[in-house]
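Below is one structure, written out as structure tokens, with a few remarks after it.
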Amino acid sequence: MNAVEVNNIVKSYNRGKPQALRGLSFQVQPGELFGLIGPDGAGKTSLFRILTTLLLPDSGAATVLGYDTVKDYKIIRRLVGYMPGRFSLYQDLTVAENINFFATVFNTTVAENYHLIKDIYQQIEPFKHRKAGALSGGMKQKLALSCALIHKPQVLFLDEPTTGVDAVSRKEFWEMLKKLKNQGITILVSTPYMDEASLCDRVALVQHGTILDINTPQGIIQNFGKPLWSVRSNDIYRLLNDLRAHDATYSCYAFGETHHITLKEDDFPIDIIYQYLQSKRHESIEIQQIKPNIEDCFMALME
Amino acid sequence: MKQFLAFVTKEFYHILRDRRTLFFMFGLPVVQILLFGFALSNEIKNASIAILDQSKDESTQALITRLDASRYFTIIKTLHHNNEIESVFRRGEVKLVVVFPANFRQELLHTNATQVQLVADATDTNTATTIANYAASIIRQYQDELLNEQKLPYTIRVENSMLYNPQLKSAYNFVPGVMAMILMLLSALMTSVAIVREKEMGTMEVLLVSPMQPLMVVFTKAIPYLVLSFVNVIIILILSVTLLEMPINGSLTLLLLECLLFIFTSLALGLLISSATHSQQVAMFISLVGLMLPTIIFSGFMFPIENMPKILQIISNAVPARWFYEIVKSIMIKGLGIDAIWRETLILLGMTVFFMGVATARFKVRLEG
Amino acid sequence: MKKSVIITDKLTKRFGAFTAVDAITFEVTQGEIFGFLGANGAGKTTAMRMLCGLLHPTNGRAEVAGFDVFRQREKIKQHIGYMSQRFSLYEDLTVRENIRLYGGIYGLKTNELKTKSDTLINRLGLNEEANKLVRSLPLGWRQKLAFSVAILHEPSIVFLDEPTGGVDPVTRRQFWDMIYETANAGITVFVTTHYMDEAEYCNRVSIMVDGRIEALDSPTGLKKTFSADSMDEVFIQLARKATRND
């Protein structure tokens with residue numbers, strides 16, 4: 001049995017507005033760390049709300065642990081943990097009050113499942129008498145995750161847990177998810193950050209309510225299918241315009257200090273591009289073939 | 001049960017940590033009672049009046065003495081002619097002129113058909129009516145005494161319109177009204193805002209995805225407000241009895257039970273509002289405009305319902321505060337028991353059940369319909 | 001040698017006993033894209049508010065666009081642009097109304113404003129949407145519009161506070177194309193972001209830890225110094241040293 005199964009889910013909010021979800025389908029295996037990757041407005045939150053029984057789909061069906069999200073919503077609510085996109089804890093209650101409250105709501109106690117949250121909770125325990133509203137972004141997240149885990153859920157839904165959090169906290173957060181996965185919890189996590197894809201077992205790239213691709217991160221990269229070149233010179237802005245102006249260029253996107261280009265013909269000699277840039281008086285030109293990253297793939301799939 | 005307690009505790013934390021709201025909740029009743037009891041009183045003391053006595057007999061002298069002695073009036077002028085009346089009003093010197101016709105006592109004793117003319121400055125209608133009523137009441141009292149002295153075989157009793165409140169104390173009107181207002185405000189507004197806040201903060205989302213009965217989430221939020229409202233009732237009653245010298249002529253237990261019922265009515269309205277709104281601002285707006293205004297206008301404590309156009313009188317029947325106001329007045333002032341107010345009580349009960357039912361039916365177990 | 005448009009010297013802000021910004025010293029030159037990074041609570045926002053003339057510094061010295069942050073705060077506000085992800089445009093006004101509003105705030109003349117809004121609308125390809133509410137535009141377009149509005153009055157510096165959160169990668173590239181173009185036209189771009197891949201687009205990057213600037217160099221230079229493969233690693237090495245917890 002799949003931990004999560006989504007069959008052709010369609011969801012729209014207002015007539016006249018584009019559909020939020022346009023017939024999505026995918027499965028998540030038990031114990032998998034599954035990433036839903038896409039920009040704001042791709043439909044990630046709508047999908048999570050349908051799976052956590054908070055919204056009804058217009059058509060299509062979904063099951064969580066074999067239970068139907070519409071009919072069996074009461075059972076699902078007992079078995080899953082959910083961390084919504086915004087910080088959804090009581091800001092005027094302390095860390096300890098929050099966690100105790102949610103433990104009681106889920107008919108358990110902090111002591112009973114302490115082993116589950118220990119790694120995470122220990123980091124915020126020194127501040128347990130502080131009001132949740134006064135915590136830093138990273139600590140708020142840890143508290144929210146502890147609260148979502150306190151009842152030992154079988155499936156964990158995390159909606160954009162790393163949005164607005166600094167790089168260190170994000171890294172720590174993903175390390176925590178790895179540990180939870182090792183305890184056998186199925187995790188669905190959504191994120192707008194492409195670089196987080198590589199940390200998942202499998203990812204679905206979503207855009208405008210449709211899935212562009214579903215695969216392992218390596219699989220998605222292997223499917224890129226074209227040679228990708230990274231180009232740099234001393235004048236990065238002029239370089240961008242010059243590369244885009246060249247007839248052989250298929251796509252050219254800025255990637256920090258270099259630009260990533262693909263060519264219309266795979267076997268086009270790259271030396272010609274080099275000479276072209278020299279003729280445009282670029283200096284310290286470097287061109288090398290590189291392995292695409294998820295962001296390259298996402299942009300290629302968007303076309 | 002443990003869940004229930006955890007919820008109620010949590011709710012108390014919210015309230016107790018929000019100092020401003022807490023202050024508002026307990027400060028407001030006190031301020032209202034003091035304001036309405038003293039500052040905004042429609043009682044009139046030492047109003048300036050003038051007398052035009054065209055009879056100058058024993059009776060008019062007695063009446064003039066009584067008027068002057070009363071704490072409501074001070075006679076500042078004695079007029080001698082009808083045409084002086086308008087000028088004293090125009091100069092704003094007096095609020096009322098009492099005109100005794102010629103042969104006042106004679107006619108009073110023999111024909112029993114004399115009249116006193118009370119001319120009031122009606123630019124301020126409320127004051128004019130009140131003053132005229134005071135004067136009329138003093139004159140009627142005198143008339144009664146006179147009739148008794150004469151030991152006539154038949155006496156004409158004039159229905160005293162100042163029944164139950166012979167001193168015309170305005171607190172008698174305001175206290176029940178303020179109670180209705182405060183309870184509406186606390187129970188309905190605060191509850192609806194507290195529930196909608198959970199929606200706004202996103203915590204409702206987490207609570208919905210939990211084994212909690214969704215309705216329990218909502219009902220437990222109402223409990224602290226029930227308690228706080230009840231504490232407020234007691235504060236208001238203590239203030240009224242000690243500071244405003246309000247009597248509680250009827251049964252205190254019955255009064256408290258009726259207050260409890262009205263608290264439930266207000267809570268039900270609060271739940272209804274919260275089921276229909278998604279932002280605290282909207283909830284507050286609906287509570288203020290949709291509940292507070294009708295409470296002030298239609299409960300009868302500011303504007304007498306009998307004086308309203310028919311259509312507004314009919315509308316007033318739908319306002320719970322109207323019935324509550326009746327009940328409180330009946331118990332506190334008239335000292336009546338349940339046999340006199342069972343009808344009003346039943347109406348309130350019916351409304352409560354209805355609102356509660358609609359709120360429950362409208363409650364969503366998901367984020368949308 | 002290009003002139004400096006931001007000069008700070010031991011700029012400090014204390015709130016009571018807490019030193020939010022601890023004697024930071026750096027310069028940003030004209031036309032530079034300068035990345036201003038730091039963990040949550042490292043003091044980025046406080047520093048930026050001082051530079052924008054919104055907050056009075058406790059100590060030190062700083063000049064922005066040639067004006068002193070202590071004495072000429074109103075002048076500074078006229079010569080900078082500001083855009084943040086959270087708030088920039090009025091969603092219940094149309095595209096044109098927003099442009100007119102911001103032009104008005106910065107005192108552009110009616111004629112000038114008219115030409116400028118037409119050019120801007122043309123350049124963004126928003127001709128058909130010019131009279132639509134901003135709310136109805138996709139997020140990416142809103143951000144591009146917000147940025148264009150922030151530089152409408154041709155400021156010396158534009159401050160961008162986490163400008164590209166949550167947009168799709170292609171739109172993000174288009175946004176950065178606009179940033180390059182702006183910098184190329186001589187407007188200095190001062191960006192804060194949590195996303196290290198974005199830091200790689202900057203000419204130079206500073207990283208704040210516990211109120212101090214712990215590193216300042218080009219992305220390549222930083223990666224070399226910290227022998228790291230990516231800015232992410234550089235940042236994590238530095239930010240892990242933080243002792244502040246919020």
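Every chain in the structure tokens takes a letter, A first, then B, and so on in the order presented; its residues are numbered from 1, and the ligands are numbered from 1 following the presented order.
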
Residues at most 10 Å from Tyr201 of chain C, counting only C-alpha atoms, excluding those fewer than 3 positions away in the same chain, as a PyMOL selection string?
(chain A and resi 236+254-258) or (chain C and resi 33-35+176+179-180+196-198+204-205+218-219)

Would you put the residues from that selection into a file with N, CA, C and O atoms, as a compact mmCIF listing (two decimals), in the first residue's frame?
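Heads up, here's the output in result_12.txt:
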```
# COMPACT_ATOMS: atom_id res chain seq x y z
N ILE A 236 29.96 40.54 -16.56
CA ILE A 236 28.91 39.53 -16.51
C ILE A 236 27.62 40.01 -17.18
O ILE A 236 26.91 39.24 -17.81
N ALA A 254 21.32 33.54 -16.11
CA ALA A 254 22.36 33.92 -15.16
C ALA A 254 22.33 32.96 -13.97
O ALA A 254 21.26 32.59 -13.49
N PHE A 255 23.50 32.51 -13.54
CA PHE A 255 23.60 31.69 -12.33
C PHE A 255 24.72 32.27 -11.48
O PHE A 255 25.81 31.75 -11.45
N GLY A 256 24.45 33.36 -10.84
CA GLY A 256 25.49 33.96 -10.03
C GLY A 256 26.61 34.49 -10.88
O GLY A 256 26.38 35.29 -11.78
N GLU A 257 27.81 34.01 -10.61
CA GLU A 257 28.97 34.58 -11.30
C GLU A 257 29.17 34.00 -12.70
O GLU A 257 30.05 34.43 -13.42
N THR A 258 28.37 32.99 -13.05
CA THR A 258 28.48 32.44 -14.40
C THR A 258 27.10 32.44 -15.04
O THR A 258 26.10 32.65 -14.37
N ILE C 33 26.57 45.80 -7.24
CA ILE C 33 25.50 45.00 -6.67
C ILE C 33 26.08 44.39 -5.39
O ILE C 33 27.01 43.57 -5.44
N PHE C 34 25.56 44.85 -4.27
CA PHE C 34 26.15 44.50 -2.99
C PHE C 34 25.20 43.61 -2.21
O PHE C 34 24.06 43.99 -1.92
N GLY C 35 25.66 42.40 -1.88
CA GLY C 35 24.82 41.46 -1.13
C GLY C 35 25.06 41.61 0.35
O GLY C 35 26.20 41.66 0.81
N TRP C 176 16.62 39.30 -11.98
CA TRP C 176 18.05 39.62 -11.89
C TRP C 176 18.57 40.32 -13.13
O TRP C 176 19.45 41.17 -13.05
N ILE C 179 18.04 43.74 -12.42
CA ILE C 179 19.00 44.27 -11.45
C ILE C 179 20.33 44.59 -12.13
O ILE C 179 20.90 45.66 -11.93
N TYR C 180 20.78 43.68 -13.00
CA TYR C 180 22.03 43.93 -13.74
C TYR C 180 21.93 45.21 -14.55
O TYR C 180 22.83 46.04 -14.57
N MET C 196 21.49 31.71 -0.67
CA MET C 196 22.90 31.88 -0.97
C MET C 196 23.18 31.83 -2.45
O MET C 196 24.14 32.43 -2.91
N ASP C 197 22.34 31.11 -3.20
CA ASP C 197 22.61 31.10 -4.64
C ASP C 197 22.43 32.51 -5.19
O ASP C 197 23.08 32.91 -6.14
N GLU C 198 21.54 33.28 -4.52
CA GLU C 198 21.32 34.64 -4.97
C GLU C 198 22.54 35.51 -4.65
O GLU C 198 22.84 36.46 -5.37
N ARG C 204 29.90 42.01 -4.75
CA ARG C 204 30.54 41.73 -3.47
C ARG C 204 29.48 41.39 -2.45
O ARG C 204 28.33 41.81 -2.58
N VAL C 205 29.91 40.65 -1.45
CA VAL C 205 28.96 40.16 -0.46
C VAL C 205 29.54 40.38 0.93
O VAL C 205 30.74 40.16 1.15
N SER C 218 34.27 39.39 -2.89
CA SER C 218 33.47 38.87 -4.00
C SER C 218 33.13 37.42 -3.68
O SER C 218 33.84 36.78 -2.90
N PRO C 219 32.06 36.90 -4.26
CA PRO C 219 31.72 35.49 -3.98
C PRO C 219 32.90 34.55 -4.26
O PRO C 219 33.19 33.65 -3.47
```

May I ask you to extract the residues of chain A within 9 Å of chain B, using only C-alpha atoms, and to give them as a VMD selection string?
chain A and resid 49 52 to 56 73 to 90 92 to 93 97 to 98 100 to 102 104 to 107 148

Compile the residues of chain C that lie within 9 Å of chain A, evaluated using only C-alpha atoms, and express the compilation as a ChimeraX atom specification.
/C:38-41,138-139,165-170,173-174,176-177,180-181,184,193-203,219-220,232,235-237,239-240,245-246

Secondary structure check, helix (DSSP H, G or I) residues of segment 61-181 of chain A, as a ChimeraX atom specification
/A:73-79,95-105,114-127,132-134,137-149,167-181

Which residues come within 8 Å of Thr94 of chain A, counting only C-alpha atoms, excluding same-chain residues fewer than 5 positions away, as a list in words?
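Residues meeting the cut-off are Lys128, His129, Arg130, Lys131 and Ala132 of chain A.
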
With C-alpha atoms retained, could you export that selection as a PDB file, in the first residue's frame?
```pdb
ATOM      1  CA  LYS A 128      11.012  26.560  27.260  1.00  0.00           C
ATOM      2  CA  HIS A 129       9.684  29.388  29.412  1.00  0.00           C
ATOM      3  CA  ARG A 130      10.001  31.890  26.625  1.00  0.00           C
ATOM      4  CA  LYS A 131       6.904  32.913  24.667  1.00  0.00           C
ATOM      5  CA  ALA A 132       6.804  31.311  21.242  1.00  0.00           C
TER       6      ALA A 132
END
```

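Near segment 77-80 of chain C, within a cut-off of 7 Å and counting only C-alpha atoms, sit the residues Cys52, Gly53, Ala65, Arg73, Glu74, Lys75, Tyr82, Tyr106, Pro155, Ser156, Ile157 and Val158 of chain C, with same-chain residues fewer than 2 positions away left out.
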
Leaving out Lys13 of chain C and any residue of its chain fewer than 5 positions from it, which residues lie within 6 Å of it when counting only C-alpha atoms, given as an MDAnalysis selection string?
chainID C and resid 20:21 57:58

Restricting the output to N, CA, C and O atoms, write the selected residues as a tab-separated table (two decimals), in the first residue's frame.
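Output file out_26.tsv is given in full below:
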```
chain	number	residue	atom	x	y	z
C	20	ALA	N	22.79	45.62	18.65
C	20	ALA	CA	22.23	44.96	17.47
C	20	ALA	C	23.22	45.02	16.31
C	20	ALA	O	23.43	44.04	15.61
C	21	VAL	N	23.82	46.19	16.13
C	21	VAL	CA	24.83	46.36	15.09
C	21	VAL	C	26.08	46.88	15.77
C	21	VAL	O	26.05	47.88	16.47
C	57	PRO	N	21.35	55.98	14.41
C	57	PRO	CA	22.44	55.15	14.93
C	57	PRO	C	22.86	55.62	16.32
C	57	PRO	O	22.64	56.78	16.68
C	58	THR	N	23.46	54.72	17.09
C	58	THR	CA	23.95	55.10	18.41
C	58	THR	C	25.32	55.74	18.31
C	58	THR	O	25.62	56.72	18.97
```
